[in-house]
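The structure appears right after this line, and notes come after that.
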Number of protein chains: 2
Amino acid sequence: MSRPTIAGVARAAGVSVASVSRVLNGLPATEEMVERVQRAVEELGYVPDARARSLKVGRTFQLTLAVADVGNPVYVTMMRAVEEVVSAAGYRLVVTTTGPDVVDEVALVRGMARGYADGLVISPLRVDEDLIKSIRECEVPVVVAGNVPAKAGVDTVRANSPKGIMLAVDHLVARGRRRIAFLNGPADTVPGAARAKGFADALKAHDLQPVAAAEATDFTFAAGRAAAPDLLGEQHLDAVMCANDLLAVGVMHELAARGLTVPGDVAVVGMDDSELAEQSFPPLTSVNLGSAERGRRAAELLLARIEDSGRAPRRIVVQPSLSVRKSTP
Amino acid sequence: MSRPTIAGVARAAGVSVASVSRVLNGLPATEEMVERVQRAVEELGYVPDARARSLKVGRTFQLTLAVADVGNPVYVTMMRAVEEVVSAAGYRLVVTTTGPDVVDEVALVRGMARGYADGLVISPLRVDEDLIKSIRECEVPVVVAGNVPAKAGVDTVRANSPKGIMLAVDHLVARGRRRIAFLNGPADTVPGAARAKGFADALKAHDLQPVAAAEATDFTFAAGRAAAPDLLGEQHLDAVMCANDLLAVGVMHELAARGLTVPGDVAVVGMDDSELAEQSFPPLTSVNLGSAERGRRAAELLLARIEDSGRAPRRIVVQPSLSVRKSTP
DNA sequence: GTCTGGGCTGTAAACGATTACAAGAACGAT
DNA sequence: ATCGTTCTTGTAATCGTTTACAGCCCAGAC
């Protein structure tokens with residue numbers, strides 16, 4: 001009553017296992033052979049075992065996407081894009097979540113050597129030497145959706161968040177806002193660090209003084225809301241730039257709780273332009289860092305490297321744009 | 001330069017492959033044997049091949065969670081809960097998304113026979129004979145997070161959405177609302193059908209007349225917003241019950257666009273009590289259908305069935321509660 | 001000294017597929 | 001009729017593990 005194997009099919013069809021395998025894989029065979037095998041397969045409900053197959057052929061036809069937090073809507077955009085291109089190429093996509101710790105990421109990358117998948121797209125929050133080392137030594141191709149040093153020599157597809165922040169600040173200034181606060185996520189993360197620098201540069205470019213800045217403990221809604229009071233002290237401010245849509249929504253809640261209107265009293269801009277940005281109220285002006293395109297390009301890069309592991313590492317950067325909605329004047 | 005196998009380790013350590021396997025699996029061996037093997041493993045950077053291992057032992061130590069739409073925040077709650085219990089039990093969790101079509105779900109369940117994982121938690125949107133048949137015939141245990149007929153004889157963990165809607169309508173009526181509209185998702189889905197019936201029952205229980213009802217094409221924000229105009233016709237209404245948080249948020253946007261306030265002019269209640277409910281503005285009163293608990297129980301059920309495939313199918317139902325926030329008076 | 005028994009260890013047979021190679025059949029050309 | 005091609009099919013090796021079984025060694029009991 002256990003599931004049939006190729007040997008069972010061969011017996012039922014009165015042919016050899018090799019013939020069954022050949023028919024199943026579309027290799028040339030006589031009309032009658034195909035017929036008999038297919039009947040037997042049908043009858044027994046045979047389904048080939050992917051483990052055995054991939055053990056032999058050395059490929060699993062699965063690809064992994066690893067993200068830090070499934071609750072962050074930026075990843076759903078990316079996930080959809082990746083899914084689309086890999087499934088078009090005949091791969092299954094499996095998603096796993098790593099959590100915020102770099103050690104878990106390293107463990108995941110190392111674990112790829114066990115043969116779970118033919119490749120990995122990883123979007124790491126924190127990057128250290130260990131992670132880079134594990135990526136370079138990984139048995140299967142890995143592409144990083146995020147920013148790692150060029151000298152690391154790994155395939156990456158990253159956003160240009162400083163430029164994105166510049167777009168946002170340009171916009172705010174153009175609308176007359178000059179007292180712009182900044183709510184960042186943890187600065188010890190890769191995106192956190194990039195955004196901190198980007199914001200500082202943007203202020204400088206416009207000759208503005210920093211009015212307030214805070215750092216949330218996480219890139220989450222709850223952390224954003226919790227950190228908002230640090231920002232909204234005595235000083236008057238007329239805009240807040242947030243490192244992420246979730247943080248921005250958190251801030252908007254805190255503003256509302258204090259009776260301040262958006263964008264009347266203070267303008268708010270987020271980053272990622274995730275689904276949450278259009279769902280929030282008021283709809284959030286947000287820096288589009290091209291998550292969908294990054295996902296797509298990352299997947300394509302991965303497929304390309306699977307085809308040809310010899311090619312030089314590429315570093316793709318996708319350009320940001322600003323999606324203006326109602327949270328800014 | 002290709003990755004080392006157990007044979008390589010055995011050679012390097014000057015012992016047999018069986019011994020290597022034994023020390024790796026913690027079976028009894030002499031001090032010295034353990035020492036030598038570990039040194040060789042270390043030196044070569046050996047990592048056992050999961051495919052080969054699972055081919056032999058017949059288990060993969062992976063479990064799959066299949067959801068219809070990763071963009072629906074109710075699934076992130078569930079995903080987190082499932083992840084927690086399966087990883088505590090030493091399994092890896094892989095998440096795949098099926099899309100809204102039942103044929104894809106069937107294909108997924110059938111595909112489990114290929115040996116991708118030791119078990120499956122699936123949360124199907126649409127259920128038909130084929131799907132139930134494929135679940136019953138599946139090589140690995142499957143538990144359904146959702147509602148399927150009792151006679152199907154499969155393990156399920158489901159919510160009680162009619163009761164949940166009753167709670168919501170009770171609440172609305174208690175706050176003086178009597179002209180309650182209903183925004184459902186597709187009625188040809190399992191949750192859609194249940195919610196339609198639940199709402200009708202709730203109206204009857206309170207002796208209320210239906211004022212308006214609409215059916216979104218999907219359980220998504222965009223569909224909710226698109227369907228809202230059908231609801232908000234000439235007739236005056238003072239509350240809308242939505243089949244889902246995303247739909248509710250969509251409706252709130254449309255209300256705002258028409259200059260109506262929530263909850264002043266019309267109260268809105270959602271379902272699922274997802275993260276979006278607290279993130280939305282105003283924060284959404286929502287029926288908590290116990291997604292986290294359902295995820296947890298489903299995972300536990302799956303693990304239990306993996307241990308003992310003989311046990312009778314169980315049907316767990318988790319009770320709803322109402323999370324009252326600011327979108328109702 | 002021999003025998004028994006208990007630990008360790010090694011040899012080899014699985015697990016379920018793919019595929020190189022060889023063998024047989026059919027067919028046309030000479 | 002014979003030979004050589006070509007086409008199809010079967011046999012068996014292989015992928016990297018685990019594990020049943022057998023063999024070895026050593027200690028203790030007679």
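A note on labels: chains of the structure tokens are A, B, ... as shown, every chain counts residues from 1, and ligands are counted from 1 in their shown order.
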Within 7 Å of segment 45-56 of chain A, counting only C-alpha atoms (C1' of nucleotides), which residues qualify if same-chain residues fewer than 4 places away don't, as a CSV table (one decimal) with C-alpha atoms (C1' of nucleotides), in the first residue's frame?
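Result file is part.csv:
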chain,number,residue,atom,x,y,z
A,4,PRO,CA,4.7,2.9,-6.1
A,5,THR,CA,8.3,3.3,-7.3
A,41,VAL,CA,1.7,5.1,-14.4
A,60,THR,CA,16.4,20.0,-7.1
B,51,ARG,CA,18.5,14.6,-0.1
B,52,ALA,CA,20.5,11.4,0.3
B,55,LEU,CA,15.9,9.3,0.6
B,113,ALA,CA,4.0,12.8,-3.0
B,114,ARG,CA,7.2,13.7,-4.6
B,115,GLY,CA,8.7,13.8,-1.1
B,116,TYR,CA,9.2,17.5,-0.7
C,16,DG,C1',14.4,5.5,-5.9
C,17,DA,C1',15.7,7.6,-9.5
C,18,DT,C1',19.0,8.5,-14.1
D,15,DC,C1',24.2,9.6,-6.7
Least-squares fit of chain B onto chain A (C-alpha, ordered pairing) as a short mmCIF file (atom, residue, chain, number, x, y, z; two decimals) with C-alpha atoms, in the first residue's frame:
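So the final result, stored in selection19.cif, reads:
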data_model
loop_
_atom_site.label_atom_id
_atom_site.label_comp_id
_atom_site.auth_asym_id
_atom_site.auth_seq_id
_atom_site.Cartn_x
_atom_site.Cartn_y
_atom_site.Cartn_z
CA MET B 1 -0.03 -0.03 0.06
CA SER B 2 3.00 2.18 0.08
CA ARG B 3 3.58 4.40 -2.84
CA PRO B 4 4.66 2.84 -6.10
CA THR B 5 8.19 3.24 -7.32
CA ILE B 6 9.55 3.23 -10.80
CA ALA B 7 10.30 -0.46 -10.37
CA GLY B 8 6.65 -1.14 -9.69
CA VAL B 9 5.65 0.71 -12.80
CA ALA B 10 8.22 -1.21 -14.81
CA ARG B 11 6.88 -4.48 -13.53
CA ALA B 12 3.28 -3.52 -14.21
CA ALA B 13 4.13 -2.41 -17.71
CA GLY B 14 6.38 -5.38 -18.36
CA VAL B 15 9.34 -3.22 -19.30
CA SER B 16 12.59 -2.15 -17.70
CA VAL B 17 12.98 0.69 -15.25
CA ALA B 18 15.21 2.47 -17.70
CA SER B 19 12.45 2.53 -20.25
CA VAL B 20 10.00 3.92 -17.75
CA SER B 21 12.43 6.64 -16.83
CA ARG B 22 13.00 7.42 -20.47
CA VAL B 23 9.40 7.82 -21.42
CA LEU B 24 8.77 9.88 -18.31
CA ASN B 25 11.56 12.19 -19.35
CA GLY B 26 10.43 12.37 -22.94
CA LEU B 27 13.36 10.53 -24.46
CA PRO B 28 12.75 8.64 -27.70
CA ALA B 29 10.73 5.45 -27.43
CA THR B 30 8.30 3.54 -29.57
CA GLU B 31 4.67 4.36 -29.68
CA GLU B 32 3.80 1.16 -27.92
CA MET B 33 6.32 1.64 -25.14
CA VAL B 34 5.00 5.07 -24.35
CA GLU B 35 1.49 3.70 -24.34
CA ARG B 36 2.26 0.86 -21.94
CA VAL B 37 4.22 2.97 -19.54
CA GLN B 38 1.63 5.69 -19.42
CA ARG B 39 -1.09 3.20 -18.74
CA ALA B 40 0.87 1.67 -15.87
CA VAL B 41 1.69 5.07 -14.42
CA GLU B 42 -1.93 6.06 -14.60
CA GLU B 43 -3.09 2.84 -13.06
CA LEU B 44 -0.74 2.89 -10.11
CA GLY B 45 -0.90 6.63 -9.59
CA TYR B 46 2.84 6.78 -9.75
CA VAL B 47 4.58 10.03 -8.93
CA PRO B 48 8.37 10.18 -9.20
CA ASP B 49 10.28 10.87 -6.01
CA ALA B 50 11.90 14.27 -6.16
CA ARG B 51 14.52 13.36 -3.56
CA ALA B 52 15.80 10.40 -5.47
CA ARG B 53 15.73 12.28 -8.70
CA SER B 54 17.59 15.25 -7.39
CA LEU B 55 20.09 13.05 -5.64
CA LYS B 56 20.94 11.56 -8.98
CA VAL B 57 20.81 14.59 -11.23
CA GLY B 58 22.22 16.98 -8.69
CA ARG B 59 19.47 19.55 -9.03
CA THR B 60 16.30 20.06 -7.06
CA PHE B 61 14.50 22.57 -9.26
CA GLN B 62 13.70 24.48 -6.14
CA LEU B 63 14.89 27.95 -5.31
CA THR B 64 14.81 29.60 -1.91
CA LEU B 65 13.94 33.14 -0.98
CA ALA B 66 14.96 34.16 2.51
CA VAL B 67 13.59 37.28 4.13
CA ALA B 68 13.98 38.66 7.61
CA ASP B 69 10.35 39.31 8.45
CA VAL B 70 7.29 38.08 6.63
CA GLY B 71 5.27 40.79 8.34
CA ASN B 72 7.05 43.52 6.44
CA PRO B 73 4.98 44.34 3.39
CA VAL B 74 8.01 45.25 1.34
CA TYR B 75 8.81 41.58 1.16
CA VAL B 76 5.48 40.61 -0.26
CA THR B 77 6.13 42.82 -3.24
CA MET B 78 9.52 41.28 -3.69
CA MET B 79 8.24 37.79 -3.12
CA ARG B 80 5.62 38.14 -5.80
CA ALA B 81 8.18 39.35 -8.31
CA VAL B 82 10.63 36.57 -7.54
CA GLU B 83 7.91 33.96 -7.65
CA GLU B 84 6.85 35.11 -11.06
CA VAL B 85 10.22 34.80 -12.71
CA VAL B 86 11.36 31.59 -11.09
CA SER B 87 8.14 29.75 -11.76
CA ALA B 88 8.26 30.85 -15.36
CA ALA B 89 11.65 29.19 -15.51
CA GLY B 90 10.25 25.94 -14.17
CA TYR B 91 11.41 26.22 -10.58
CA ARG B 92 9.45 25.98 -7.37
CA LEU B 93 9.95 28.80 -4.95
CA VAL B 94 10.14 28.18 -1.25
CA VAL B 95 10.21 31.02 1.20
CA THR B 96 11.89 30.88 4.55
CA THR B 97 12.27 33.52 7.16
CA THR B 98 15.49 34.15 8.99
CA GLY B 99 14.68 36.60 11.73
CA PRO B 100 16.78 39.65 12.48
CA ASP B 101 19.96 37.89 13.59
CA VAL B 102 22.90 37.51 11.31
CA VAL B 103 23.81 34.16 12.82
CA ASP B 104 20.53 32.74 11.57
CA GLU B 105 21.28 34.05 8.13
CA VAL B 106 24.70 32.45 8.19
CA ALA B 107 23.19 29.19 9.34
CA LEU B 108 20.72 29.34 6.51
CA VAL B 109 23.35 29.96 3.86
CA ARG B 110 25.57 27.21 5.23
CA GLY B 111 22.56 24.94 5.30
CA MET B 112 22.07 25.35 1.59
CA ALA B 113 24.95 22.93 1.22
CA ARG B 114 22.61 20.21 2.36
CA GLY B 115 21.00 20.42 -1.03
CA TYR B 116 17.67 21.95 -0.22
CA ALA B 117 17.64 24.10 -3.31
CA ASP B 118 19.55 25.05 -6.42
CA GLY B 119 19.94 28.66 -5.44
CA LEU B 120 19.12 31.34 -2.94
CA VAL B 121 17.97 34.92 -2.95
CA ILE B 122 18.61 36.45 0.42
CA SER B 123 17.71 39.87 1.70
CA PRO B 124 19.82 40.30 4.80
CA LEU B 125 19.24 42.93 7.42
CA ARG B 126 22.66 42.67 8.94
CA VAL B 127 25.80 41.71 7.09
CA ASP B 128 29.11 40.70 8.55
CA GLU B 129 32.29 38.98 7.44
CA ASP B 130 30.91 35.60 8.33
CA LEU B 131 27.86 36.06 6.19
CA ILE B 132 29.87 37.16 3.20
CA LYS B 133 32.26 34.31 3.66
CA SER B 134 29.42 31.82 3.86
CA ILE B 135 27.87 33.26 0.72
CA ARG B 136 31.09 33.01 -1.23
CA GLU B 137 31.68 29.48 -0.09
CA CYS B 138 28.13 28.40 -0.62
CA GLU B 139 27.67 25.31 -2.74
CA VAL B 140 24.83 26.89 -4.66
CA PRO B 141 24.57 30.32 -6.23
CA VAL B 142 23.40 33.06 -3.91
CA VAL B 143 22.27 36.50 -4.86
CA VAL B 144 21.88 39.18 -2.29
CA ALA B 145 18.95 41.54 -2.50
CA GLY B 146 20.55 44.33 -0.59
CA ASN B 147 23.77 46.16 -0.20
CA VAL B 148 27.07 44.45 0.43
CA PRO B 149 30.54 45.84 -0.15
CA ALA B 150 31.72 45.61 -3.75
CA LYS B 151 34.88 43.84 -2.71
CA ALA B 152 32.80 40.97 -1.36
CA GLY B 153 32.46 39.79 -4.93
CA VAL B 154 28.95 38.48 -4.74
CA ASP B 155 25.98 39.06 -7.01
CA THR B 156 23.79 41.80 -5.64
CA VAL B 157 20.76 43.77 -6.58
CA ARG B 158 20.35 46.76 -4.41
CA ALA B 159 18.38 49.91 -4.05
CA ASN B 160 19.75 53.40 -3.93
CA SER B 161 18.18 54.56 -0.72
CA PRO B 162 20.27 57.73 -0.23
CA LYS B 163 19.07 58.93 -3.58
CA GLY B 164 15.57 57.93 -2.62
CA ILE B 165 15.78 59.99 0.53
CA MET B 166 17.08 62.87 -1.50
CA LEU B 167 13.99 62.70 -3.68
CA ALA B 168 11.81 62.74 -0.61
CA VAL B 169 13.57 65.65 1.02
CA ASP B 170 13.55 67.58 -2.26
CA HIS B 171 9.84 67.08 -2.35
CA LEU B 172 9.32 68.17 1.24
CA VAL B 173 11.44 71.25 0.78
CA ALA B 174 9.63 72.10 -2.44
CA ARG B 175 6.44 72.03 -0.45
CA GLY B 176 7.87 74.40 2.07
CA ARG B 177 8.87 72.07 4.86
CA ARG B 178 12.21 72.77 6.46
CA ARG B 179 12.03 71.28 9.92
CA ILE B 180 12.36 67.65 8.95
CA ALA B 181 12.82 64.93 11.53
CA PHE B 182 14.11 61.46 10.79
CA LEU B 183 12.92 58.16 12.13
CA ASN B 184 15.32 55.38 11.35
CA GLY B 185 15.31 51.68 12.07
CA PRO B 186 18.29 50.08 13.82
CA ALA B 187 21.42 51.81 12.56
CA ASP B 188 23.43 48.63 12.89
CA THR B 189 21.55 47.14 9.97
CA VAL B 190 22.58 47.63 6.38
CA PRO B 191 19.49 49.56 5.36
CA GLY B 192 19.55 51.49 8.63
CA ALA B 193 23.10 52.67 8.08
CA ALA B 194 22.47 53.62 4.47
CA ARG B 195 19.40 55.60 5.34
CA ALA B 196 21.06 57.47 8.16
CA LYS B 197 23.78 58.59 5.84
CA GLY B 198 21.33 59.37 3.07
CA PHE B 199 19.30 61.59 5.32
CA ALA B 200 22.32 63.46 6.61
CA ASP B 201 23.43 64.09 3.03
CA ALA B 202 20.00 65.28 2.02
CA LEU B 203 19.86 67.78 4.87
CA LYS B 204 23.26 69.08 3.95
CA ALA B 205 22.34 69.44 0.31
CA HIS B 206 19.48 71.68 1.32
CA ASP B 207 21.40 73.44 3.99
CA LEU B 208 18.99 72.36 6.67
CA GLN B 209 19.64 71.80 10.34
CA PRO B 210 18.70 68.49 11.91
CA VAL B 211 15.75 68.99 14.21
CA ALA B 212 15.18 65.56 15.64
CA ALA B 213 16.11 61.99 14.98
CA ALA B 214 15.27 58.68 16.58
CA GLU B 215 16.06 55.08 16.00
CA ALA B 216 13.41 52.40 16.33
CA THR B 217 14.47 49.05 17.70
CA ASP B 218 13.10 47.30 14.64
CA PHE B 219 11.66 48.07 11.25
CA THR B 220 8.18 47.38 12.56
CA PHE B 221 4.99 49.30 13.21
CA ALA B 222 5.13 48.80 16.95
CA ALA B 223 8.73 49.94 17.15
CA GLY B 224 7.91 52.98 15.05
CA ARG B 225 5.10 53.98 17.25
CA ALA B 226 7.19 53.39 20.36
CA ALA B 227 10.02 55.51 19.05
CA ALA B 228 7.83 58.37 17.88
CA PRO B 229 7.69 60.17 21.25
CA ASP B 230 11.46 60.58 21.13
CA LEU B 231 10.95 62.52 17.93
CA LEU B 232 7.95 64.53 18.91
CA GLY B 233 9.44 66.36 21.84
CA GLU B 234 9.22 70.07 22.52
CA GLN B 235 10.74 71.16 19.23
CA HIS B 236 8.44 72.13 16.48
CA LEU B 237 8.71 70.07 13.32
CA ASP B 238 6.79 70.10 10.10
CA ALA B 239 7.79 66.83 8.49
CA VAL B 240 9.13 63.42 9.33
CA MET B 241 11.02 61.18 7.02
CA CYS B 242 10.81 57.49 7.92
CA ALA B 243 13.12 54.68 6.97
CA ASN B 244 10.25 52.42 6.10
CA ASP B 245 6.49 52.37 5.59
CA LEU B 246 5.76 50.51 8.79
CA LEU B 247 7.64 53.07 10.83
CA ALA B 248 5.84 55.86 9.01
CA VAL B 249 2.48 54.40 9.82
CA GLY B 250 3.54 54.05 13.43
CA VAL B 251 4.48 57.71 13.52
CA MET B 252 1.19 58.75 11.96
CA HIS B 253 -0.66 57.00 14.73
CA GLU B 254 1.31 58.80 17.35
CA LEU B 255 0.73 62.11 15.59
CA ALA B 256 -2.99 61.48 15.52
CA ALA B 257 -2.92 60.61 19.20
CA ARG B 258 -1.45 64.03 19.84
CA GLY B 259 -4.07 65.74 17.77
CA LEU B 260 -1.71 66.68 14.96
CA THR B 261 -2.93 66.36 11.39
CA VAL B 262 -1.12 64.86 8.44
CA PRO B 263 -0.10 66.57 6.26
CA GLY B 264 -1.51 69.81 7.69
CA ASP B 265 0.64 70.02 10.79
CA VAL B 266 3.30 67.57 9.81
CA ALA B 267 4.04 65.78 6.58
CA VAL B 268 5.12 62.15 6.68
CA VAL B 269 6.99 60.18 4.10
CA GLY B 270 7.78 56.49 4.17
CA MET B 271 10.04 54.21 2.20
CA ASP B 272 9.45 51.05 0.20
CA ASP B 273 6.19 52.12 -1.37
CA SER B 274 4.69 48.86 -0.19
CA GLU B 275 1.04 47.91 -0.31
CA LEU B 276 0.74 49.40 3.14
CA ALA B 277 1.53 52.84 1.74
CA GLU B 278 -1.65 52.90 -0.29
CA GLN B 279 -3.64 51.21 2.43
CA SER B 280 -2.69 53.63 5.17
CA PHE B 281 -4.66 56.74 5.91
CA PRO B 282 -3.91 59.20 4.68
CA PRO B 283 -2.24 57.27 1.89
CA LEU B 284 1.45 57.56 2.42
CA THR B 285 3.88 59.39 0.20
CA SER B 286 6.64 56.88 -0.05
CA VAL B 287 9.98 56.37 -1.70
CA ASN B 288 9.72 53.55 -4.16
CA LEU B 289 12.93 51.62 -3.89
CA GLY B 290 11.91 49.30 -6.68
CA SER B 291 11.22 46.21 -4.62
CA ALA B 292 9.40 44.51 -7.44
CA GLU B 293 12.13 45.24 -9.88
CA ARG B 294 14.77 44.24 -7.40
CA GLY B 295 13.00 40.95 -6.87
CA ARG B 296 12.74 40.38 -10.56
CA ARG B 297 16.34 41.25 -11.29
CA ALA B 298 17.60 39.20 -8.38
CA ALA B 299 15.73 36.17 -9.62
CA GLU B 300 17.03 36.67 -13.13
CA LEU B 301 20.54 37.02 -11.85
CA LEU B 302 20.17 33.83 -9.89
CA LEU B 303 18.89 31.92 -12.88
CA ALA B 304 21.71 33.29 -15.02
CA ARG B 305 24.30 32.19 -12.52
CA ILE B 306 22.80 28.75 -12.27
CA GLU B 307 23.23 28.47 -16.01
CA ASP B 308 26.77 29.76 -15.97
CA SER B 309 28.56 29.76 -12.67
CA GLY B 310 31.68 31.25 -14.21
CA ARG B 311 30.41 34.73 -14.96
CA ALA B 312 31.76 37.65 -13.05
CA PRO B 313 29.67 38.83 -10.13
CA ARG B 314 27.28 41.58 -11.05
CA ARG B 315 26.11 44.47 -8.97
CA ILE B 316 22.83 45.84 -10.15
CA VAL B 317 21.38 48.96 -8.63
CA VAL B 318 17.85 49.97 -9.29
CA GLN B 319 16.85 53.58 -9.16
CA PRO B 320 14.31 54.99 -6.76
CA SER B 321 11.34 57.15 -7.49
CA LEU B 322 8.88 58.97 -5.31
CA SER B 323 5.24 57.98 -5.06
CA VAL B 324 3.48 61.09 -3.92
CA ARG B 325 0.25 60.50 -2.05
CA LYS B 326 -1.70 62.39 0.56
CA SER B 327 0.61 62.40 3.55
CA THR B 328 2.59 65.32 2.13
CA PRO B 329 1.15 68.66 1.06
#
Contact residues (chain D, partner chain A, 9 Å, only C-alpha atoms (C1' of nucleotides)) as a VMD selection string: chain D and resid 8 to 10 14 to 16
query: Could you name the residues that touch DA20 of chain D at 12 Å or less, counting only C-alpha atoms (C1' of nucleotides), but leaving out those on the same chain fewer than 3 positions away, as a ChimeraX atom specification?
result: /B:18 /C:11-14
Restricted to C-alpha atoms (C1' of nucleotides), what would the selected residues look like written as a tab-separated table (two decimals), in the first residue's frame?
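Below is the file again00.tsv, written as the result:
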chain	number	residue	atom	x	y	z
B	18	ALA	CA	29.45	3.52	8.62
C	11	DT	C1'	31.16	-4.59	4.50
C	12	DA	C1'	27.53	-4.32	1.70
C	13	DA	C1'	22.74	-3.76	0.68
C	14	DA	C1'	19.32	-0.79	0.50
Which residues of chain C come within 7 Å of chain B, and for each one, what is the closest pair of atoms and their distance in Å to one decimal, counting only C-alpha atoms (C1' of nucleotides), sorted by chain and residue number, as JSON lines?
{"residue": "C:DC8", "atom": "C1'", "partner": "B:Ala29", "partner_atom": "CA", "distance": 6.7}
{"residue": "C:DT9", "atom": "C1'", "partner": "B:Ser19", "partner_atom": "CA", "distance": 7.0}
{"residue": "C:DG10", "atom": "C1'", "partner": "B:Ser16", "partner_atom": "CA", "distance": 6.2}
{"residue": "C:DC15", "atom": "C1'", "partner": "B:Lys56", "partner_atom": "CA", "distance": 4.5}
task: Run DSSP on the backbone and grab whatever in segment 9-179 of chain B lands in helix (DSSP H, G or I); send it over as a PyMOL selection string.
output: chain B and resi 9-13+17-24+31-44+50-57+73-88+102-114+129-136+150-152+161-174
- line: atom C1' of DC21 of chain C sits from atom C1' of DT5 of chain D at a separation of 17.8 Å
message: Would you pick out the contacts of DG5 of chain C at 12 Å or less, using only C-alpha atoms (C1' of nucleotides), so that residues sharing its chain but fewer than 4 positions from it are not included, and give the list as a PyMOL selection string?
response: chain D and resi 25-29
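Minimum atom-to-atom distance to DG24 of chain C, evaluated using only C-alpha atoms (C1' of nucleotides), belongs to D:DC7 out of D:DG23, D:DA13, D:DA1, D:DC7.
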